[in-house]
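Asks: Below is the file upload-v5.txt, which contains compact mmCIF, C-alpha atoms.
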```txt
# COMPACT_ATOMS: atom_id res chain seq x y z
CA MET A 3 0.00 0.00 0.00
CA THR A 4 1.06 3.60 -0.44
CA ASP A 5 0.56 4.99 3.00
CA GLY A 6 3.22 7.39 4.16
CA ALA A 7 6.64 6.05 4.94
CA ALA A 8 6.57 7.42 8.46
CA GLU A 9 5.76 4.36 10.52
CA GLY A 10 6.18 3.64 14.18
CA THR A 11 6.13 0.25 15.82
CA PHE A 12 5.71 -0.68 19.46
CA VAL A 13 6.36 -4.13 20.83
CA LEU A 14 4.82 -5.17 24.12
CA THR A 15 4.60 -8.49 25.86
CA SER A 16 1.32 -10.01 26.89
CA GLU A 17 1.03 -8.77 30.48
CA PRO A 18 -2.02 -6.50 31.00
CA GLN A 19 0.20 -4.06 32.93
CA HIS A 20 1.94 -3.18 29.66
CA LEU A 21 -1.23 -1.76 28.12
CA ALA A 22 -0.65 1.59 29.85
CA GLY A 23 2.75 1.92 28.18
CA LEU A 24 1.19 1.08 24.85
CA ARG A 25 -1.40 3.84 25.29
CA GLU A 26 1.29 6.37 26.15
CA TRP A 27 3.24 5.45 23.02
CA LEU A 28 0.08 5.50 20.93
CA ARG A 29 -0.83 8.99 22.15
CA GLY A 30 2.52 10.19 20.88
CA GLU A 31 2.07 8.49 17.52
CA LEU A 32 -1.45 9.83 17.07
CA THR A 33 -0.29 13.33 17.92
CA ARG A 34 2.59 12.95 15.46
CA HIS A 35 0.05 11.94 12.81
CA LYS A 36 -2.07 14.97 13.70
CA VAL A 37 -5.06 12.96 14.86
CA GLU A 38 -7.57 15.21 16.60
CA GLN A 39 -7.55 14.99 20.38
CA ARG A 40 -11.15 13.84 20.59
CA GLU A 41 -10.42 10.90 18.26
CA GLN A 42 -7.33 9.82 20.15
CA PHE A 43 -9.28 8.38 23.09
CA GLY A 44 -11.37 6.17 20.81
CA LEU A 45 -8.34 4.85 18.95
CA GLN A 46 -6.61 4.10 22.25
CA VAL A 47 -9.66 2.11 23.33
CA ALA A 48 -9.82 0.30 19.97
CA VAL A 49 -6.15 -0.70 19.94
CA GLY A 50 -6.25 -1.57 23.64
CA GLU A 51 -9.22 -3.89 23.11
CA ILE A 52 -7.50 -5.72 20.25
CA CYS A 53 -4.38 -6.18 22.40
CA SER A 54 -6.50 -7.32 25.34
CA ASN A 55 -8.09 -9.92 23.05
CA SER A 56 -4.63 -11.12 22.06
CA ILE A 57 -3.67 -11.46 25.72
CA LYS A 58 -6.89 -13.23 26.69
CA HIS A 59 -7.53 -15.40 23.67
CA ALA A 60 -4.46 -15.71 21.45
CA TYR A 61 -2.15 -16.24 24.42
CA ALA A 62 -4.74 -17.52 26.93
CA GLY A 63 -3.48 -15.13 29.59
CA ARG A 64 0.14 -16.27 29.40
CA GLY A 65 2.66 -13.47 29.84
CA GLY A 66 5.86 -12.83 27.95
CA LYS A 67 4.38 -13.28 24.48
CA PRO A 68 4.91 -10.61 21.82
CA ILE A 69 2.33 -8.20 20.43
CA HIS A 70 3.41 -5.76 17.73
CA VAL A 71 1.51 -2.51 17.11
CA SER A 72 2.29 -0.23 14.19
CA VAL A 73 0.86 3.06 13.03
CA ARG A 74 1.17 4.61 9.61
CA GLY A 75 -0.78 7.35 7.94
CA ASN A 76 -1.19 9.70 5.02
CA ASP A 77 -3.47 12.61 4.18
CA ASP A 78 -6.46 10.31 3.77
CA ARG A 79 -6.29 7.81 6.57
CA LEU A 80 -4.55 6.26 9.49
CA VAL A 81 -3.79 2.54 9.51
CA ILE A 82 -3.02 0.71 12.73
CA GLU A 83 -1.95 -2.92 12.73
CA VAL A 84 -1.88 -5.23 15.73
CA ARG A 85 -0.08 -8.54 15.33
CA ASP A 86 0.09 -11.45 17.70
CA PHE A 87 1.69 -14.85 17.28
CA GLY A 88 -0.65 -17.02 19.31
CA LYS A 89 -3.89 -18.88 18.64
CA LYS A 90 -5.60 -17.47 15.57
CA PHE A 91 -8.83 -15.51 15.88
CA ASP A 92 -11.80 -17.73 15.04
CA PRO A 93 -14.52 -15.59 13.48
CA GLY A 94 -16.93 -18.53 13.62
CA ALA A 95 -16.73 -18.54 17.39
CA TYR A 96 -17.42 -14.83 17.72
CA ARG A 97 -20.88 -13.78 18.83
CA PRO A 98 -21.79 -10.09 18.91
CA PRO A 99 -22.85 -9.09 22.43
CA ASP A 100 -26.52 -8.78 23.34
CA LEU A 101 -26.31 -5.34 24.92
CA GLU A 102 -29.87 -5.58 26.23
CA ALA A 103 -28.75 -8.49 28.39
CA VAL A 104 -26.15 -6.28 30.13
CA PRO A 105 -23.19 -8.59 29.46
CA GLU A 106 -20.19 -8.67 31.77
CA ARG A 107 -17.85 -9.61 28.93
CA GLY A 108 -17.65 -9.80 25.16
CA VAL A 109 -18.12 -6.11 24.32
CA GLY A 110 -14.50 -5.45 23.29
CA LEU A 111 -14.91 -5.86 19.54
CA HIS A 112 -18.19 -3.97 19.71
CA LEU A 113 -16.28 -1.01 21.14
CA VAL A 114 -13.55 -1.30 18.50
CA LYS A 115 -16.14 -1.05 15.74
CA GLN A 116 -17.55 2.13 17.26
CA PHE A 117 -14.23 3.92 16.97
CA VAL A 118 -12.78 2.82 13.61
CA ASP A 119 -14.08 3.00 10.07
CA GLU A 120 -12.76 -0.38 8.97
CA LEU A 121 -11.71 -3.45 10.92
CA SER A 122 -10.23 -6.54 9.33
CA PHE A 123 -8.11 -9.50 10.33
CA ASP A 124 -5.75 -11.90 8.61
CA VAL A 125 -5.45 -15.44 9.90
CA THR A 126 -3.58 -16.80 6.88
CA LEU A 127 -0.21 -16.04 8.44
CA GLU A 128 1.93 -18.89 9.65
CA GLN A 129 1.30 -17.84 13.24
CA GLY A 130 -1.28 -15.70 14.95
CA THR A 131 -3.53 -12.95 13.72
CA ARG A 132 -2.92 -9.56 12.17
CA TRP A 133 -5.65 -7.01 12.86
CA THR A 134 -5.93 -3.89 10.71
CA LEU A 135 -7.80 -0.83 11.94
CA VAL A 136 -8.46 2.04 9.55
CA LYS A 137 -9.57 5.52 10.54
CA TYR A 138 -10.19 8.03 7.75
CA ARG A 139 -9.37 11.67 8.12
CA ARG A 140 -12.36 13.94 8.38
CA GLY A 141 -14.12 14.12 5.01
CA ARG A 142 -11.76 11.58 3.40
CA ARG A 143 -13.82 8.45 3.92
CA PRO A 144 -14.72 6.91 0.54
CA GLY A 145 -18.14 8.15 -0.44
CA SER A 146 -18.08 11.05 1.97
CA ARG A 147 -18.45 14.60 0.75
CA THR A 148 -15.48 16.90 0.57
CA PRO A 149 -15.75 19.34 3.49
CA MET B 17 -4.31 2.08 40.56
CA GLU B 18 -5.06 3.95 43.78
CA ILE B 19 -8.47 3.25 45.30
CA GLU B 20 -9.87 5.38 48.12
CA VAL B 21 -12.70 3.86 50.15
CA THR B 22 -14.75 6.04 52.51
CA GLN B 23 -18.12 5.89 54.24
CA SER B 24 -20.99 8.34 54.38
CA LYS B 25 -24.26 7.58 56.17
CA GLY B 26 -24.27 3.87 55.43
CA VAL B 27 -23.06 4.25 51.85
CA THR B 28 -19.57 3.20 50.81
CA ILE B 29 -17.79 5.48 48.37
CA VAL B 30 -15.12 3.94 46.18
CA ALA B 31 -12.93 6.40 44.32
CA PRO B 32 -10.26 4.92 42.03
CA THR B 33 -7.60 7.06 40.39
CA GLY B 34 -5.97 6.00 37.13
CA ASP B 35 -6.93 3.91 34.13
CA LEU B 36 -9.59 1.24 34.68
CA ASP B 37 -8.23 -1.20 32.12
CA MET B 38 -7.55 -4.92 31.95
CA GLY B 39 -4.51 -4.39 34.16
CA ALA B 40 -6.51 -2.75 36.96
CA ALA B 41 -9.81 -4.61 36.66
CA ASP B 42 -8.89 -7.44 39.05
CA GLN B 43 -7.85 -4.99 41.76
CA VAL B 44 -11.14 -3.09 41.48
CA ARG B 45 -13.10 -6.33 41.39
CA ARG B 46 -11.45 -7.54 44.60
CA VAL B 47 -12.22 -4.29 46.43
CA LEU B 48 -15.88 -4.21 45.37
CA THR B 49 -16.47 -7.91 46.02
CA GLU B 50 -14.92 -7.65 49.47
CA LEU B 51 -17.16 -4.70 50.38
CA ILE B 52 -20.30 -6.47 49.22
CA ASP B 53 -19.30 -9.70 50.98
CA LYS B 54 -18.72 -7.69 54.18
CA GLY B 55 -22.32 -6.49 54.06
CA GLN B 56 -21.77 -3.12 52.39
CA PRO B 57 -23.78 -3.41 49.15
CA LYS B 58 -24.75 0.28 49.02
CA LEU B 59 -21.95 1.61 46.86
CA VAL B 60 -21.08 4.82 45.04
CA MET B 61 -18.24 4.56 42.55
CA ASP B 62 -16.75 8.00 41.92
CA LEU B 63 -15.05 7.79 38.51
CA GLY B 64 -13.88 11.41 38.51
CA GLY B 65 -10.28 10.24 38.69
CA VAL B 66 -10.63 7.72 35.86
CA GLY B 67 -9.74 9.01 32.40
CA TYR B 68 -9.79 5.68 30.59
CA ILE B 69 -11.92 2.57 30.80
CA ASP B 70 -12.02 -0.54 28.63
CA SER B 71 -14.33 -3.54 28.34
CA SER B 72 -12.58 -5.30 31.24
CA GLY B 73 -13.22 -2.29 33.47
CA LEU B 74 -16.82 -2.13 32.32
CA GLY B 75 -17.30 -5.82 32.98
CA THR B 76 -15.99 -5.40 36.50
CA LEU B 77 -18.50 -2.63 37.23
CA VAL B 78 -21.41 -4.54 35.69
CA ALA B 79 -20.57 -7.66 37.69
CA ALA B 80 -20.32 -5.62 40.91
CA MET B 81 -23.61 -3.87 40.14
CA LYS B 82 -25.36 -7.24 39.75
CA GLN B 83 -23.71 -8.57 42.91
CA ALA B 84 -24.66 -5.47 44.91
CA ARG B 85 -28.27 -5.56 43.70
CA ALA B 86 -28.53 -9.24 44.58
CA ALA B 87 -27.39 -8.30 48.10
CA GLY B 88 -30.05 -5.60 48.43
CA GLY B 89 -27.93 -2.63 47.41
CA ASN B 90 -26.63 -1.14 44.19
CA LEU B 91 -23.51 0.23 42.57
CA LYS B 92 -24.14 3.82 41.55
CA LEU B 93 -21.68 5.81 39.46
CA CYS B 94 -20.77 9.48 39.45
CA GLY B 95 -18.21 11.93 38.11
CA LEU B 96 -17.80 10.35 34.69
CA GLN B 97 -15.50 12.25 32.35
CA ASP B 98 -16.88 12.77 28.84
CA ASP B 99 -14.71 10.12 27.17
CA VAL B 100 -15.54 7.56 29.83
CA ARG B 101 -19.22 8.38 29.63
CA SER B 102 -19.14 7.76 25.86
CA ILE B 103 -18.13 4.15 26.55
CA PHE B 104 -21.16 3.68 28.81
CA GLU B 105 -23.36 5.14 26.08
CA MET B 106 -21.96 2.88 23.34
CA THR B 107 -22.63 -0.18 25.45
CA ARG B 108 -26.06 1.14 26.53
CA LEU B 109 -25.08 0.87 30.17
CA VAL B 110 -26.40 4.39 30.68
CA LYS B 111 -29.84 2.80 30.46
CA VAL B 112 -29.33 0.24 33.19
CA MET B 113 -26.79 1.71 35.59
CA ALA B 114 -27.54 4.54 38.02
CA ILE B 115 -25.27 7.35 36.81
CA HIS B 116 -25.15 10.68 38.61
CA GLY B 117 -23.29 13.88 37.90
CA THR B 118 -21.64 14.40 41.26
CA ARG B 119 -20.81 12.41 44.35
CA GLN B 120 -23.26 14.52 46.35
CA GLU B 121 -26.06 13.68 43.91
CA ALA B 122 -25.23 10.00 44.03
CA LEU B 123 -25.23 10.00 47.83
CA ALA B 124 -28.47 11.97 47.96
CA SER B 125 -30.13 9.40 45.68
CA TRP B 126 -29.82 6.82 48.46
CA GLY B 127 -32.22 8.95 50.50
```
Since I need it in another form, could you write the structure as structure tokens?

Replies:
Amino acid sequence: MTDGAAEGTFVLTSEPQHLAGLREWLRGELTRHKVEQREQFGLQVAVGEICSNSIKHAYAGRGGKPIHVSVRGNDDRLVIEVRDFGKKFDPGAYRPPDLEAVPERGVGLHLVKQFVDELSFDVTLEQGTRWTLVKYRRGRRPGSRTP
Amino acid sequence: MEIEVTQSKGVTIVAPTGDLDMGAADQVRRVLTELIDKGQPKLVMDLGGVGYIDSSGLGTLVAAMKQARAAGGNLKLCGLQDDVRSIFEMTRLVKVMAIHGTRQEALASWG
């Protein structure tokens, strides 16, 4: 793809305590990519939820396993990738939460979808899952009107 | 995460400071469960010092709310920052949880 060359990557291991460090790094990256302050919170939540899923499901709560997060962007959009090397995501096992039932768990991906424009995953890699989150700049989403 | 626990007229106020994420959820869960198990199910959670919450943090609060209600009390929230409140709206928890603007309002709601 032709997104800008400026790319940052953060590597954390799969202890929940490392999520705070990831958010701090991500804030810096989003600021560097001129993401509006009010969108930064949502992207931190989205990336944090994907990483939490990797910790809980891909690595079954085991610590010391790698998770790679990268951010790249251009004038049109921001692309964030999260890569783990554990058990692959199984879309067949995923059930969207019934929010009316006031669930105690299972709302992570629901939250991700609220904050990004596109969410996809690749499980064809030799190991693990690569998640791709896309957030378009204001007015740059395909089909949206020019401001 | 720092968690301050105080009492006011039979209501227990729990005020965490920091991010209520997957890394802090167990700590918060332990504090709330212990209070309810000790016979203090009337709870006010002041989230004024929480600038970030994720689904693990939400799950902890929902579980504690259910536990407190089953014990004859409730877990009421107050002081939500705008970003945090947006998470409660997206998950429709604003419809089922008692959410007040200030600690005083939350305490007053217990009558």

Asks: Around the point (-18.7, -3.1, 31.6) (coordinates from the file), which residues reach within 9 Å if we count all atoms listed in the file? Answer as number ranges by chain.

Replies: A: 104-107, 109; B: 69-79, 103-104, 107, 109

Asks: Using all atoms listed in the file, which residues of chain A come within 9 Å of chain B, and what is the closest atom pair for each, with the distance in Å to one decimal? Give it as JSON lines, sorted by chain and residue number.

Replies:
```
{"residue": "A:Glu17", "atom": "CA", "partner": "B:Gly39", "partner_atom": "CA", "distance": 8.0}
{"residue": "A:Pro18", "atom": "CA", "partner": "B:Gly39", "partner_atom": "CA", "distance": 4.5}
{"residue": "A:Gln19", "atom": "CA", "partner": "B:Gly39", "partner_atom": "CA", "distance": 4.9}
{"residue": "A:His20", "atom": "CA", "partner": "B:Gly39", "partner_atom": "CA", "distance": 8.0}
{"residue": "A:Leu21", "atom": "CA", "partner": "B:Gly39", "partner_atom": "CA", "distance": 7.4}
{"residue": "A:Ala22", "atom": "CA", "partner": "B:Asp35", "partner_atom": "CA", "distance": 7.9}
{"residue": "A:Arg40", "atom": "CA", "partner": "B:Asp99", "partner_atom": "CA", "distance": 8.4}
{"residue": "A:Phe43", "atom": "CA", "partner": "B:Asp99", "partner_atom": "CA", "distance": 7.0}
{"residue": "A:Gly44", "atom": "CA", "partner": "B:Asp99", "partner_atom": "CA", "distance": 8.2}
{"residue": "A:Val47", "atom": "CA", "partner": "B:Asp70", "partner_atom": "CA", "distance": 6.4}
{"residue": "A:Ala48", "atom": "CA", "partner": "B:Asp70", "partner_atom": "CA", "distance": 9.0}
{"residue": "A:Gly50", "atom": "CA", "partner": "B:Asp70", "partner_atom": "CA", "distance": 7.7}
{"residue": "A:Glu51", "atom": "CA", "partner": "B:Asp70", "partner_atom": "CA", "distance": 7.0}
{"residue": "A:Ser54", "atom": "CA", "partner": "B:Met38", "partner_atom": "CA", "distance": 7.1}
{"residue": "A:Leu101", "atom": "CA", "partner": "B:Thr107", "partner_atom": "CA", "distance": 6.4}
{"residue": "A:Glu102", "atom": "CA", "partner": "B:Arg108", "partner_atom": "CA", "distance": 7.7}
{"residue": "A:Val104", "atom": "CA", "partner": "B:Leu109", "partner_atom": "CA", "distance": 7.2}
{"residue": "A:Pro105", "atom": "CA", "partner": "B:Gly75", "partner_atom": "CA", "distance": 7.4}
{"residue": "A:Glu106", "atom": "CA", "partner": "B:Gly75", "partner_atom": "CA", "distance": 4.2}
{"residue": "A:Arg107", "atom": "CA", "partner": "B:Gly75", "partner_atom": "CA", "distance": 5.6}
{"residue": "A:Gly108", "atom": "CA", "partner": "B:Ser71", "partner_atom": "CA", "distance": 7.8}
{"residue": "A:Val109", "atom": "CA", "partner": "B:Ser71", "partner_atom": "CA", "distance": 6.1}
{"residue": "A:Gly110", "atom": "CA", "partner": "B:Ser71", "partner_atom": "CA", "distance": 5.4}
{"residue": "A:His112", "atom": "CA", "partner": "B:Thr107", "partner_atom": "CA", "distance": 8.2}
{"residue": "A:Leu113", "atom": "CA", "partner": "B:Met106", "partner_atom": "CA", "distance": 7.2}
{"residue": "A:Gln116", "atom": "CA", "partner": "B:Met106", "partner_atom": "CA", "distance": 7.5}
```

Asks: Quick check, in Å to one decimal: how far apart do atom CA of Leu121 of chain A and atom CA of Val136 of chain A lie?

Replies: 6.5 Å

Asks: Counting only C-alpha atoms, which residues have an atom no more than 6 Å from (-23.3, 3.9, 38.3) in the file's coordinates? Please list them as a PyMOL selection string.

Replies: chain B and resi 91-93+113-115

Asks: What is the atom CA of Met17 of chain B to atom CA of Val66 of chain B distance in Å?

Replies: 9.7 Å

Asks: Counting all atoms listed in the file, which of A:Glu26, A:Asp119, A:Asp100, A:Glu31 gets nearest to Val73 of chain A?

Replies: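 So, comparing all the options, the nearest one is A:Glu31.
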
Asks: For atom CA of Val47 of chain B and atom CA of Glu121 of chain B, determine how far apart the two atoms are, in Å to one decimal place.

Replies: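 So the two atoms, atom CA of Val47 of chain B and atom CA of Glu121 of chain B, lie 22.8 Å apart.
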